[in-house]
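Student: To be precise about what I am sending: the file is called run_12.pdb and holds PDB, C-alpha atoms.
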```pdb
ATOM      1  CA  MET R  24      96.496-174.473 -71.357
ATOM      2  CA  ASP R  25      98.850-176.497 -73.569
ATOM      3  CA  LEU R  26      99.185-180.252 -73.093
ATOM      4  CA  LYS R  27     100.844-183.129 -74.875
ATOM      5  CA  ILE R  28      98.686-186.228 -74.811
ATOM      6  CA  ALA R  29      99.257-189.715 -76.210
ATOM      7  CA  THR R  30      97.304-192.902 -76.829
ATOM      8  CA  TYR R  31      98.826-196.387 -76.989
ATOM      9  CA  ASN R  32      97.433-199.885 -77.447
ATOM     10  CA  MET R  33     100.149-201.681 -75.474
ATOM     11  CA  ARG R  34      98.828-205.231 -76.083
ATOM     12  CA  LYS R  35      99.181-206.266 -72.449
ATOM     13  CA  ALA R  36     102.949-205.463 -72.669
ATOM     14  CA  ILE R  37     103.545-208.353 -75.111
ATOM     15  CA  GLY R  38     105.944-207.324 -77.857
ATOM     16  CA  LEU R  39     106.461-208.615 -81.355
ATOM     17  CA  ASP R  40     109.151-210.892 -79.930
ATOM     18  CA  ARG R  41     106.322-212.538 -77.920
ATOM     19  CA  ARG R  42     107.880-211.452 -74.620
ATOM     20  CA  ARG R  43     105.841-209.710 -71.942
ATOM     21  CA  ASP R  44     108.073-206.802 -70.955
ATOM     22  CA  PRO R  45     106.478-204.020 -68.877
ATOM     23  CA  HIS R  46     109.865-202.270 -68.500
ATOM     24  CA  ARG R  47     109.987-201.861 -72.279
ATOM     25  CA  ILE R  48     106.471-200.403 -72.377
ATOM     26  CA  LEU R  49     107.351-197.937 -69.623
ATOM     27  CA  ASN R  50     110.434-196.862 -71.560
ATOM     28  CA  VAL R  51     108.259-196.198 -74.620
ATOM     29  CA  LEU R  52     105.842-194.178 -72.482
ATOM     30  CA  ASN R  53     108.643-192.159 -70.879
ATOM     31  CA  ASP R  54     110.131-191.362 -74.281
ATOM     32  CA  LEU R  55     106.840-189.821 -75.424
ATOM     33  CA  ASN R  56     107.318-186.998 -72.902
ATOM     34  CA  ALA R  57     103.543-186.550 -72.658
ATOM     35  CA  ASP R  58     101.468-184.998 -69.893
ATOM     36  CA  VAL R  59      98.593-187.485 -70.171
ATOM     37  CA  LEU R  60      98.792-191.078 -71.429
ATOM     38  CA  VAL R  61      95.713-193.009 -72.548
ATOM     39  CA  LEU R  62      96.294-196.774 -72.711
ATOM     40  CA  GLN R  63      94.397-199.696 -74.217
ATOM     41  CA  GLU R  64      94.909-203.363 -73.284
ATOM     42  CA  ALA R  65      96.635-202.220 -70.107
ATOM     43  CA  ASP R  66      95.246-205.180 -68.153
ATOM     44  CA  ARG R  67      95.463-208.875 -68.797
ATOM     45  CA  ARG R  68      92.413-210.420 -70.401
ATOM     46  CA  LEU R  69      91.559-213.399 -68.183
ATOM     47  CA  GLY R  70      90.685-214.006 -64.547
ATOM     48  CA  PRO R  71      90.677-210.942 -62.286
ATOM     49  CA  ARG R  72      92.416-208.962 -65.082
ATOM     50  CA  PRO R  73      95.548-207.846 -63.197
ATOM     51  CA  THR R  74      97.467-204.929 -64.649
ATOM     52  CA  ALA R  75     100.161-205.638 -67.230
ATOM     53  CA  LEU R  76     102.091-202.657 -65.798
ATOM     54  CA  PRO R  77     102.707-203.321 -62.094
ATOM     55  CA  PHE R  78     101.878-200.304 -59.942
ATOM     56  CA  LYS R  79     105.297-200.382 -58.273
ATOM     57  CA  MET R  80     106.998-200.176 -61.672
ATOM     58  CA  ILE R  81     104.895-197.166 -62.653
ATOM     59  CA  GLU R  82     105.763-195.487 -59.373
ATOM     60  CA  GLY R  83     109.463-196.346 -59.525
ATOM     61  CA  GLU R  84     110.208-195.909 -63.226
ATOM     62  CA  THR R  85     107.960-193.064 -64.370
ATOM     63  CA  ASP R  86     106.746-189.603 -63.420
ATOM     64  CA  PHE R  87     103.103-190.645 -63.818
ATOM     65  CA  ILE R  88     100.198-191.380 -61.506
ATOM     66  CA  PRO R  89      97.483-193.877 -62.536
ATOM     67  CA  VAL R  90      93.966-192.482 -62.486
ATOM     68  CA  PRO R  91      91.969-194.838 -60.231
ATOM     69  CA  PHE R  92      89.219-196.484 -62.280
ATOM     70  CA  ALA R  93      89.403-200.116 -61.147
ATOM     71  CA  THR R  94      87.516-201.339 -58.099
ATOM     72  CA  ASN R  95      89.263-204.695 -57.673
ATOM     73  CA  GLY R  96      92.681-203.390 -56.573
ATOM     74  CA  LEU R  97      94.368-205.397 -59.336
ATOM     75  CA  SER R  98      93.520-203.734 -62.657
ATOM     76  CA  LEU R  99      95.055-200.517 -63.911
ATOM     77  CA  GLY R 100      91.859-199.474 -65.694
ATOM     78  CA  SER R 101      88.475-200.668 -66.922
ATOM     79  CA  HIS R 102      88.031-203.003 -69.898
ATOM     80  CA  GLY R 103      91.775-202.529 -70.360
ATOM     81  CA  ASN R 104      91.426-198.746 -70.759
ATOM     82  CA  ALA R 105      93.626-196.709 -68.428
ATOM     83  CA  VAL R 106      94.950-193.167 -68.005
ATOM     84  CA  LEU R 107      98.259-192.025 -66.539
ATOM     85  CA  VAL R 108      98.711-188.370 -65.559
ATOM     86  CA  ARG R 109     102.049-186.658 -65.026
ATOM     87  CA  LYS R 110     102.777-185.729 -61.416
ATOM     88  CA  GLY R 111     101.890-182.121 -60.738
ATOM     89  CA  LEU R 112      98.737-182.158 -62.872
ATOM     90  CA  THR R 113      95.441-182.423 -61.050
ATOM     91  CA  PHE R 114      92.646-184.726 -62.151
ATOM     92  CA  HIS R 115      89.016-185.065 -61.102
ATOM     93  CA  ASP R 116      85.680-186.636 -62.004
ATOM     94  CA  ALA R 117      87.207-190.000 -62.931
ATOM     95  CA  HIS R 118      84.604-192.544 -63.974
ATOM     96  CA  THR R 119      83.941-195.380 -66.406
ATOM     97  CA  VAL R 120      81.505-195.506 -69.321
ATOM     98  CA  GLU R 121      79.954-198.800 -70.385
ATOM     99  CA  LEU R 122      79.585-199.208 -74.142
ATOM    100  CA  PRO R 123      77.193-201.484 -76.061
ATOM    101  CA  GLY R 124      78.314-204.224 -78.409
ATOM    102  CA  LEU R 125      78.760-207.921 -79.014
ATOM    103  CA  GLU R 126      81.925-208.094 -76.895
ATOM    104  CA  PRO R 127      82.540-206.200 -73.645
ATOM    105  CA  ARG R 128      83.765-202.679 -74.389
ATOM    106  CA  GLY R 129      84.050-199.524 -72.361
ATOM    107  CA  ALA R 130      85.652-196.147 -71.902
ATOM    108  CA  VAL R 131      87.258-194.174 -69.098
ATOM    109  CA  SER R 132      86.730-190.465 -68.547
ATOM    110  CA  VAL R 133      88.675-187.986 -66.401
ATOM    111  CA  GLY R 134      88.927-184.220 -66.046
ATOM    112  CA  ILE R 135      92.366-182.585 -66.215
ATOM    113  CA  GLU R 136      93.151-179.365 -64.343
ATOM    114  CA  GLY R 137      89.469-178.442 -64.389
ATOM    115  CA  LYS R 138      89.881-177.395 -68.030
ATOM    116  CA  MET R 139      89.579-180.502 -70.226
ATOM    117  CA  GLN R 140      87.871-183.893 -70.162
ATOM    118  CA  VAL R 141      89.870-186.847 -71.503
ATOM    119  CA  ILE R 142      88.066-189.996 -72.653
ATOM    120  CA  GLY R 143      90.016-193.141 -73.500
ATOM    121  CA  THR R 144      88.405-196.021 -75.366
ATOM    122  CA  HIS R 145      88.964-199.170 -77.412
ATOM    123  CA  LEU R 146      86.157-199.625 -79.916
ATOM    124  CA  GLY R 147      84.851-202.882 -81.371
ATOM    125  CA  LEU R 148      85.988-204.787 -84.432
ATOM    126  CA  LEU R 149      82.721-204.417 -86.399
ATOM    127  CA  ARG R 150      81.536-201.040 -87.689
ATOM    128  CA  PRO R 151      77.854-201.411 -86.626
ATOM    129  CA  TYR R 152      78.989-201.925 -83.036
ATOM    130  CA  ARG R 153      81.540-199.123 -83.306
ATOM    131  CA  HIS R 154      78.737-196.801 -84.392
ATOM    132  CA  GLN R 155      76.676-197.839 -81.352
ATOM    133  CA  GLN R 156      79.679-197.178 -79.142
ATOM    134  CA  MET R 157      80.362-193.777 -80.722
ATOM    135  CA  ARG R 158      76.734-192.791 -80.212
ATOM    136  CA  ALA R 159      77.093-193.734 -76.538
ATOM    137  CA  LEU R 160      80.242-191.600 -76.267
ATOM    138  CA  ALA R 161      78.497-188.676 -77.980
ATOM    139  CA  LYS R 162      75.599-189.018 -75.527
ATOM    140  CA  HIS R 163      78.080-189.045 -72.629
ATOM    141  CA  PHE R 164      79.610-185.827 -74.012
ATOM    142  CA  ASP R 165      76.213-184.124 -73.658
ATOM    143  CA  HIS R 166      76.731-184.273 -69.879
ATOM    144  CA  VAL R 167      80.313-182.930 -69.925
ATOM    145  CA  ASP R 168      80.836-179.209 -69.319
ATOM    146  CA  LEU R 169      84.472-179.093 -70.450
ATOM    147  CA  PRO R 170      86.233-179.169 -73.828
ATOM    148  CA  THR R 171      86.780-182.854 -74.530
ATOM    149  CA  VAL R 172      89.186-185.107 -76.357
ATOM    150  CA  ILE R 173      88.506-188.781 -77.130
ATOM    151  CA  LEU R 174      91.559-190.949 -77.812
ATOM    152  CA  GLY R 175      92.139-194.609 -78.386
ATOM    153  CA  ASP R 176      92.113-197.567 -80.709
ATOM    154  CA  PHE R 177      89.093-196.840 -82.926
ATOM    155  CA  ASN R 178      89.635-200.041 -84.972
ATOM    156  CA  GLU R 179      88.516-198.254 -88.153
ATOM    157  CA  TRP R 180      90.518-199.096 -91.290
ATOM    158  CA  SER R 181      88.854-196.540 -93.547
ATOM    159  CA  PRO R 182      90.716-193.209 -93.740
ATOM    160  CA  LYS R 183      87.493-191.196 -94.118
ATOM    161  CA  ARG R 184      84.369-193.186 -93.267
ATOM    162  CA  GLY R 185      83.087-194.758 -90.080
ATOM    163  CA  PHE R 186      83.137-191.805 -87.669
ATOM    164  CA  GLU R 187      79.735-190.308 -88.474
ATOM    165  CA  PRO R 188      78.217-190.626 -84.957
ATOM    166  CA  LEU R 189      81.019-188.474 -83.525
ATOM    167  CA  GLU R 190      81.183-185.855 -86.231
ATOM    168  CA  VAL R 191      78.288-183.792 -84.865
ATOM    169  CA  HIS R 192      80.401-182.661 -81.895
ATOM    170  CA  PHE R 193      83.967-183.718 -82.737
ATOM    171  CA  ASP R 194      86.673-183.387 -85.343
ATOM    172  CA  VAL R 195      88.313-186.800 -85.797
ATOM    173  CA  HIS R 196      92.050-186.650 -86.496
ATOM    174  CA  SER R 197      94.384-189.300 -87.850
ATOM    175  CA  PRO R 198      97.987-188.455 -86.915
ATOM    176  CA  GLY R 199      99.309-191.309 -89.068
ATOM    177  CA  ARG R 200      99.516-195.040 -89.601
ATOM    178  CA  SER R 201      99.969-196.821 -86.288
ATOM    179  CA  TYR R 202      99.222-200.486 -87.105
ATOM    180  CA  HIS R 203     100.916-202.896 -87.615
ATOM    181  CA  ALA R 204     103.988-201.696 -85.702
ATOM    182  CA  SER R 205     106.371-203.717 -87.866
ATOM    183  CA  ARG R 206     104.884-202.291 -91.071
ATOM    184  CA  PRO R 207     102.335-199.545 -90.430
ATOM    185  CA  MET R 208      99.451-199.795 -92.899
ATOM    186  CA  ALA R 209      96.382-198.464 -91.038
ATOM    187  CA  ALA R 210      95.588-195.462 -88.853
ATOM    188  CA  LEU R 211      93.582-197.350 -86.240
ATOM    189  CA  ASP R 212      94.506-195.025 -83.380
ATOM    190  CA  ARG R 213      92.682-191.691 -83.543
ATOM    191  CA  ILE R 214      92.086-188.474 -81.668
ATOM    192  CA  ALA R 215      88.745-186.662 -81.637
ATOM    193  CA  THR R 216      88.545-183.065 -80.383
ATOM    194  CA  SER R 217      85.508-181.028 -79.419
ATOM    195  CA  GLU R 218      85.035-177.288 -79.688
ATOM    196  CA  GLY R 219      87.495-175.565 -77.372
ATOM    197  CA  VAL R 220      90.365-177.958 -78.154
ATOM    198  CA  GLU R 221      92.888-176.899 -80.801
ATOM    199  CA  LEU R 222      95.126-179.582 -82.315
ATOM    200  CA  ARG R 223      98.484-177.870 -82.806
ATOM    201  CA  ASP R 224     100.611-180.858 -83.815
ATOM    202  CA  ALA R 225     100.346-184.654 -83.901
ATOM    203  CA  GLY R 226     102.285-187.711 -84.994
ATOM    204  CA  VAL R 227     103.168-191.361 -84.549
ATOM    205  CA  ASP R 228     106.133-192.596 -82.499
ATOM    206  CA  GLN R 229     108.143-194.767 -84.886
ATOM    207  CA  SER R 230     111.160-195.300 -82.663
ATOM    208  CA  LYS R 231     113.029-198.587 -82.780
ATOM    209  CA  LEU R 232     111.758-199.536 -79.335
ATOM    210  CA  ALA R 233     108.131-198.727 -80.159
ATOM    211  CA  ARG R 234     108.322-200.887 -83.284
ATOM    212  CA  ILE R 235     108.800-204.019 -81.175
ATOM    213  CA  ALA R 236     107.112-203.244 -77.829
ATOM    214  CA  SER R 237     103.538-203.797 -79.109
ATOM    215  CA  ASP R 238     101.677-204.412 -82.353
ATOM    216  CA  HIS R 239     100.516-200.768 -82.333
ATOM    217  CA  LEU R 240     102.627-197.621 -82.386
ATOM    218  CA  PRO R 241     101.870-194.794 -79.948
ATOM    219  CA  VAL R 242     100.071-191.736 -81.294
ATOM    220  CA  TRP R 243     100.599-188.295 -79.753
ATOM    221  CA  ALA R 244      99.135-184.820 -80.045
ATOM    222  CA  LYS R 245      99.915-181.338 -78.772
ATOM    223  CA  LEU R 246      96.711-179.625 -77.727
ATOM    224  CA  ARG R 247      95.730-176.114 -76.702
ATOM    225  CA  ILE R 248      92.582-175.536 -74.664
ATOM    226  CA  THR R 249      91.080-172.339 -76.033
ATOM    227  CA  ASP R 250      87.905-172.039 -73.935
TER     228      ASP R 250
END
```
Take the structure from the file and write it as structure tokens.
Tutor:
Amino acid sequence: MDLKIATYNMRKAIGLDRRRDPHRILNVLNDLNADVLVLQEADRRLGPRPTALPFKMIEGETDFIPVPFATNGLSLGSHGNAVLVRKGLTFHDAHTVELPGLEPRGAVSVGIEGKMQVIGTHLGLLRPYRHQQMRALAKHFDHVDLPTVILGDFNEWSPKRGFEPLEVHFDVHSPGRSYHASRPMAALDRIATSEGVELRDAGVDQSKLARIASDHLPVWAKLRITD
């Protein structure tokens, strides 16, 4: 099975012009032409954390279906992490994963087509907490029977260090510099693949629209499930 998958920290749909524009975010997502989209900061931060991408807009302006993680009927995901799946693809075993740390962090996990598990996450700002969170994700992987990919904002500025807790089971890939969108200097957004997942191509969307829609650029990958 071949899939194109993408990860995007959409900063609650607030662009570099300081405008909240969900239409613009949806246009960026549509232009990626991906099968599965993993989002960070998809929900607003305060109160009941309503989605920054209204469900009706997703339904009316995209070919994607939100994976249901939230229990409040208002959020798109959990801890701001969300997954959109292209219509026609089946998904299953959708659940959330709580992660340790000084500030609330989490991950979302969903099976795709019965062949691959996708985990989306937004790790902490401090490396000791990121290591705790990676160890929790690695422990979660022990209970997954499918080839797995972990995507998201890893918040790691080092090009080589900082991923040790994942490296037992995963290869961590950096498709390119994705932050800051106006002048990309750091590869904060990463993709980690387990055995059974072949990374065939990957990159960063540097379109004119993506450079203003958020402070991160979207990262994409073309994957082949070999198991």
Student: Between R:Ala65, R:Leu26, R:Ile37, R:Val191, which has the minimum distance to Leu112 in chain R (counting all atoms listed in the file)?
Tutor: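 Looking at the shortest contact to Leu112 in chain R, the residue is R:Leu26.
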Student: Given the PyMOL selection byres ((chain R and resi 228) around 7) and the file above, list the residues it selects as a ChimeraX atom specification.
Tutor: /R:226-227,229-230,233,240-242
Student: Please write the residues from the selection above to a file, keeping C-alpha atoms, as a PDB file, keeping the file's coordinate frame.
Tutor:
```pdb
ATOM      1  CA  GLY R 226     102.285-187.711 -84.994  1.00  0.00           C
ATOM      2  CA  VAL R 227     103.168-191.361 -84.549  1.00  0.00           C
ATOM      3  CA  GLN R 229     108.143-194.767 -84.886  1.00  0.00           C
ATOM      4  CA  SER R 230     111.160-195.300 -82.663  1.00  0.00           C
ATOM      5  CA  ALA R 233     108.131-198.727 -80.159  1.00  0.00           C
ATOM      6  CA  LEU R 240     102.627-197.621 -82.386  1.00  0.00           C
ATOM      7  CA  PRO R 241     101.870-194.794 -79.948  1.00  0.00           C
ATOM      8  CA  VAL R 242     100.071-191.736 -81.294  1.00  0.00           C
TER       9      VAL R 242
END
```
Student: List the residues matched by the PyMOL selection byres ((chain R and resi 52) around 12) in the displayed structure as JSON, numbers by chain, ordered by chain and then by residue number.
Tutor: {"R": [28, 29, 30, 31, 32, 33, 36, 45, 46, 47, 48, 49, 50, 51, 53, 54, 55, 56, 57, 58, 59, 60, 61, 62, 76, 81, 84, 85, 86, 87, 106, 107, 108, 109, 228, 230, 232, 233, 236, 237, 240, 241, 242, 243]}
Student: Figure out the distance between CA of Gln63 in chain R and CA of His145 in chain R, please, to one decimal in Å.
Tutor: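 Straight-line distance from CA of His145 in chain R to CA of Gln63 in chain R works out to 6.3 Å.
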Student: Kindly give the distance, in Å, that separates CA of Val167 in chain R and CA of Ser217 in chain R, rounded to a single decimal.
Tutor: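 Those two atoms sit 11.0 Å apart.
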Student: Just the number, please: distance in Å from CA of Pro73 in chain R to CA of Leu97 in chain R, one decimal.
Tutor: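 Separation of CA of Pro73 in chain R and CA of Leu97 in chain R: 4.7 Å.
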Student: Which residues, written as a list in words, have at least one atom at most 10 Å from Arg153 in chain R, with only C-alpha atoms counted and residues fewer than 3 positions away on the same chain left out?
Tutor: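 Those residues are Leu122, Pro123, Gly124, Arg128, His145, Leu146, Gly147, Leu148, Leu149, Arg150, Gln156, Met157, Arg158, Ala159, Phe177, Asn178, Glu179, Gly185, Phe186 and Pro188 of chain R.
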Student: For Thr113 in chain R, list every protein, DNA or RNA residue within 10 Å, evaluated using all atoms listed in the file, and leave out those in the same chain fewer than 5 positions away; present the list as a ChimeraX atom specification.
Tutor: /R:108,134-137
Student: I'd like the neighbourhood of Thr144 in chain R as a list in words, where a residue qualifies if any of its atoms comes within 9 Å (using all atoms listed in the file), though same-chain residues fewer than 6 positions away should be ignored.
Tutor: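 Contacts, with the query itself left out: Val61, Leu62, Gln63, His102, Gly103, Asn104, Ala105, Arg128, Gly129, Ala130, Val131, Ser132, Ile173, Leu174, Gly175, Asp176 and Phe177 of chain R.
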Student: Output C-alpha atoms for every residue in the selection just made, as a JSON list (two decimals), in the coordinates of the input.
Tutor:
```json
[["chain", "number", "residue", "atom", "x", "y", "z"],
["R", 61, "VAL", "CA", 95.71, -193.01, -72.55],
["R", 62, "LEU", "CA", 96.29, -196.77, -72.71],
["R", 63, "GLN", "CA", 94.40, -199.70, -74.22],
["R", 102, "HIS", "CA", 88.03, -203.00, -69.90],
["R", 103, "GLY", "CA", 91.78, -202.53, -70.36],
["R", 104, "ASN", "CA", 91.43, -198.75, -70.76],
["R", 105, "ALA", "CA", 93.63, -196.71, -68.43],
["R", 128, "ARG", "CA", 83.76, -202.68, -74.39],
["R", 129, "GLY", "CA", 84.05, -199.52, -72.36],
["R", 130, "ALA", "CA", 85.65, -196.15, -71.90],
["R", 131, "VAL", "CA", 87.26, -194.17, -69.10],
["R", 132, "SER", "CA", 86.73, -190.46, -68.55],
["R", 173, "ILE", "CA", 88.51, -188.78, -77.13],
["R", 174, "LEU", "CA", 91.56, -190.95, -77.81],
["R", 175, "GLY", "CA", 92.14, -194.61, -78.39],
["R", 176, "ASP", "CA", 92.11, -197.57, -80.71],
["R", 177, "PHE", "CA", 89.09, -196.84, -82.93]]
```
Student: Evaluate the PyMOL selection byres ((chain R and resi 216) around 8) on the structure here and hand back the selected residues as a VMD selection string.
Tutor: chain R and resid 170 to 173 193 to 196 214 to 215 217 to 218 220 to 222
Student: Would you mind telling me which residue in R:Ser181, R:Ser98, R:His115, R:Asp165 lies nearest to Leu69 in chain R when using only C-alpha atoms?
Tutor: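 Closest to Leu69 in chain R of all the choices is R:Ser98.
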Student: Go through R:Gly96, R:Gly111, R:Gly83, R:Pro89 and flag the residue nearest Pro71 in chain R, using only C-alpha atoms for the distances.
Tutor: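 Using only C-alpha atoms, Pro71 in chain R sits closest to R:Gly96.
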Student: Compile the contact shell of Ala204 in chain R as JSON, numbers by chain: residues with an atom at most 6 Å away, counting all atoms listed in the file, same-chain residues fewer than 6 positions apart removed.
Tutor: {"R": [234, 238, 239, 240]}
Student: Export range 109-141 of chain R from the structure block above, keeping N, CA and C atoms, as a tab-separated table (two decimals), in the first residue's frame.
Tutor:
```
chain	number	residue	atom	x	y	z
R	109	ARG	N	-8.61	10.98	3.98
R	109	ARG	CA	-9.31	11.20	2.73
R	109	ARG	C	-10.48	10.23	2.60
R	110	LYS	N	-11.60	10.74	2.09
R	110	LYS	CA	-12.78	9.90	1.89
R	110	LYS	C	-12.42	8.71	1.00
R	111	GLY	N	-12.93	7.56	1.38
R	111	GLY	CA	-12.64	6.34	0.65
R	111	GLY	C	-11.66	5.45	1.39
R	112	LEU	N	-10.82	6.04	2.26
R	112	LEU	CA	-9.94	5.25	3.11
R	112	LEU	C	-10.67	4.88	4.40
R	113	THR	N	-10.44	3.69	4.87
R	113	THR	CA	-11.06	3.27	6.12
R	113	THR	C	-10.10	3.50	7.28
R	114	PHE	N	-10.64	3.80	8.44
R	114	PHE	CA	-9.82	3.95	9.63
R	114	PHE	C	-10.48	3.22	10.79
R	115	HIS	N	-9.68	2.89	11.79
R	115	HIS	CA	-10.14	2.05	12.89
R	115	HIS	C	-9.24	2.28	14.10
R	116	ASP	N	-9.67	1.77	15.24
R	116	ASP	CA	-8.85	1.80	16.46
R	116	ASP	C	-8.34	3.20	16.75
R	117	ALA	N	-9.23	4.18	16.71
R	117	ALA	CA	-8.84	5.56	17.01
R	117	ALA	C	-8.87	5.80	18.51
R	118	HIS	N	-7.76	6.26	19.07
R	118	HIS	CA	-7.73	6.52	20.50
R	118	HIS	C	-6.66	7.56	20.81
R	119	THR	N	-6.70	8.09	22.01
R	119	THR	CA	-5.73	9.10	22.44
R	119	THR	C	-4.70	8.46	23.36
R	120	VAL	N	-3.54	9.12	23.44
R	120	VAL	CA	-2.44	8.66	24.30
R	120	VAL	C	-2.00	9.84	25.15
R	121	GLU	N	-2.12	9.73	26.45
R	121	GLU	CA	-1.66	10.79	27.34
R	121	GLU	C	-0.14	10.70	27.49
R	122	LEU	N	0.52	11.84	27.47
R	122	LEU	CA	1.97	11.88	27.58
R	122	LEU	C	2.38	12.66	28.82
R	123	PRO	N	3.47	12.26	29.48
R	123	PRO	CA	3.93	12.96	30.68
R	123	PRO	C	4.60	14.28	30.32
R	124	GLY	N	4.78	15.12	31.33
R	124	GLY	CA	5.50	16.37	31.10
R	124	GLY	C	4.99	17.49	31.97
R	125	LEU	N	5.72	18.60	31.94
R	125	LEU	CA	5.36	19.76	32.75
R	125	LEU	C	4.07	20.40	32.29
R	126	GLU	N	3.86	20.46	30.96
R	126	GLU	CA	2.64	21.02	30.40
R	126	GLU	C	1.84	19.91	29.75
R	127	PRO	N	0.52	20.06	29.66
R	127	PRO	CA	-0.30	18.98	29.09
R	127	PRO	C	0.10	18.68	27.65
R	128	ARG	N	0.41	17.42	27.39
R	128	ARG	CA	0.76	16.96	26.05
R	128	ARG	C	0.08	15.63	25.80
R	129	GLY	N	-0.09	15.30	24.53
R	129	GLY	CA	-0.72	14.03	24.21
R	129	GLY	C	-0.43	13.63	22.79
R	130	ALA	N	-1.03	12.51	22.40
R	130	ALA	CA	-0.92	12.02	21.03
R	130	ALA	C	-2.23	11.38	20.65
R	131	VAL	N	-2.44	11.24	19.34
R	131	VAL	CA	-3.62	10.55	18.82
R	131	VAL	C	-3.12	9.42	17.93
R	132	SER	N	-3.84	8.31	17.94
R	132	SER	CA	-3.41	7.12	17.22
R	132	SER	C	-4.60	6.54	16.47
R	133	VAL	N	-4.37	6.14	15.21
R	133	VAL	CA	-5.46	5.59	14.40
R	133	VAL	C	-4.89	4.61	13.38
R	134	GLY	N	-5.59	3.52	13.14
R	134	GLY	CA	-5.21	2.57	12.11
R	134	GLY	C	-5.80	2.98	10.77
R	135	ILE	N	-5.05	2.75	9.70
R	135	ILE	CA	-5.48	3.10	8.35
R	135	ILE	C	-5.53	1.83	7.49
R	136	GLU	N	-6.71	1.54	6.97
R	136	GLU	CA	-6.90	0.42	6.04
R	136	GLU	C	-6.48	-0.93	6.63
R	137	GLY	N	-6.37	-1.00	7.94
R	137	GLY	CA	-5.94	-2.25	8.56
R	137	GLY	C	-4.51	-2.61	8.28
R	138	LYS	N	-3.71	-1.66	7.77
R	138	LYS	CA	-2.34	-1.96	7.35
R	138	LYS	C	-1.28	-1.10	8.03
R	139	MET	N	-1.67	0.06	8.59
R	139	MET	CA	-0.69	0.96	9.17
R	139	MET	C	-1.32	1.73	10.32
R	140	GLN	N	-0.54	1.96	11.37
R	140	GLN	CA	-0.97	2.80	12.48
R	140	GLN	C	-0.31	4.16	12.35
R	141	VAL	N	-1.09	5.22	12.46
R	141	VAL	CA	-0.59	6.59	12.38
R	141	VAL	C	-0.73	7.24	13.75
```
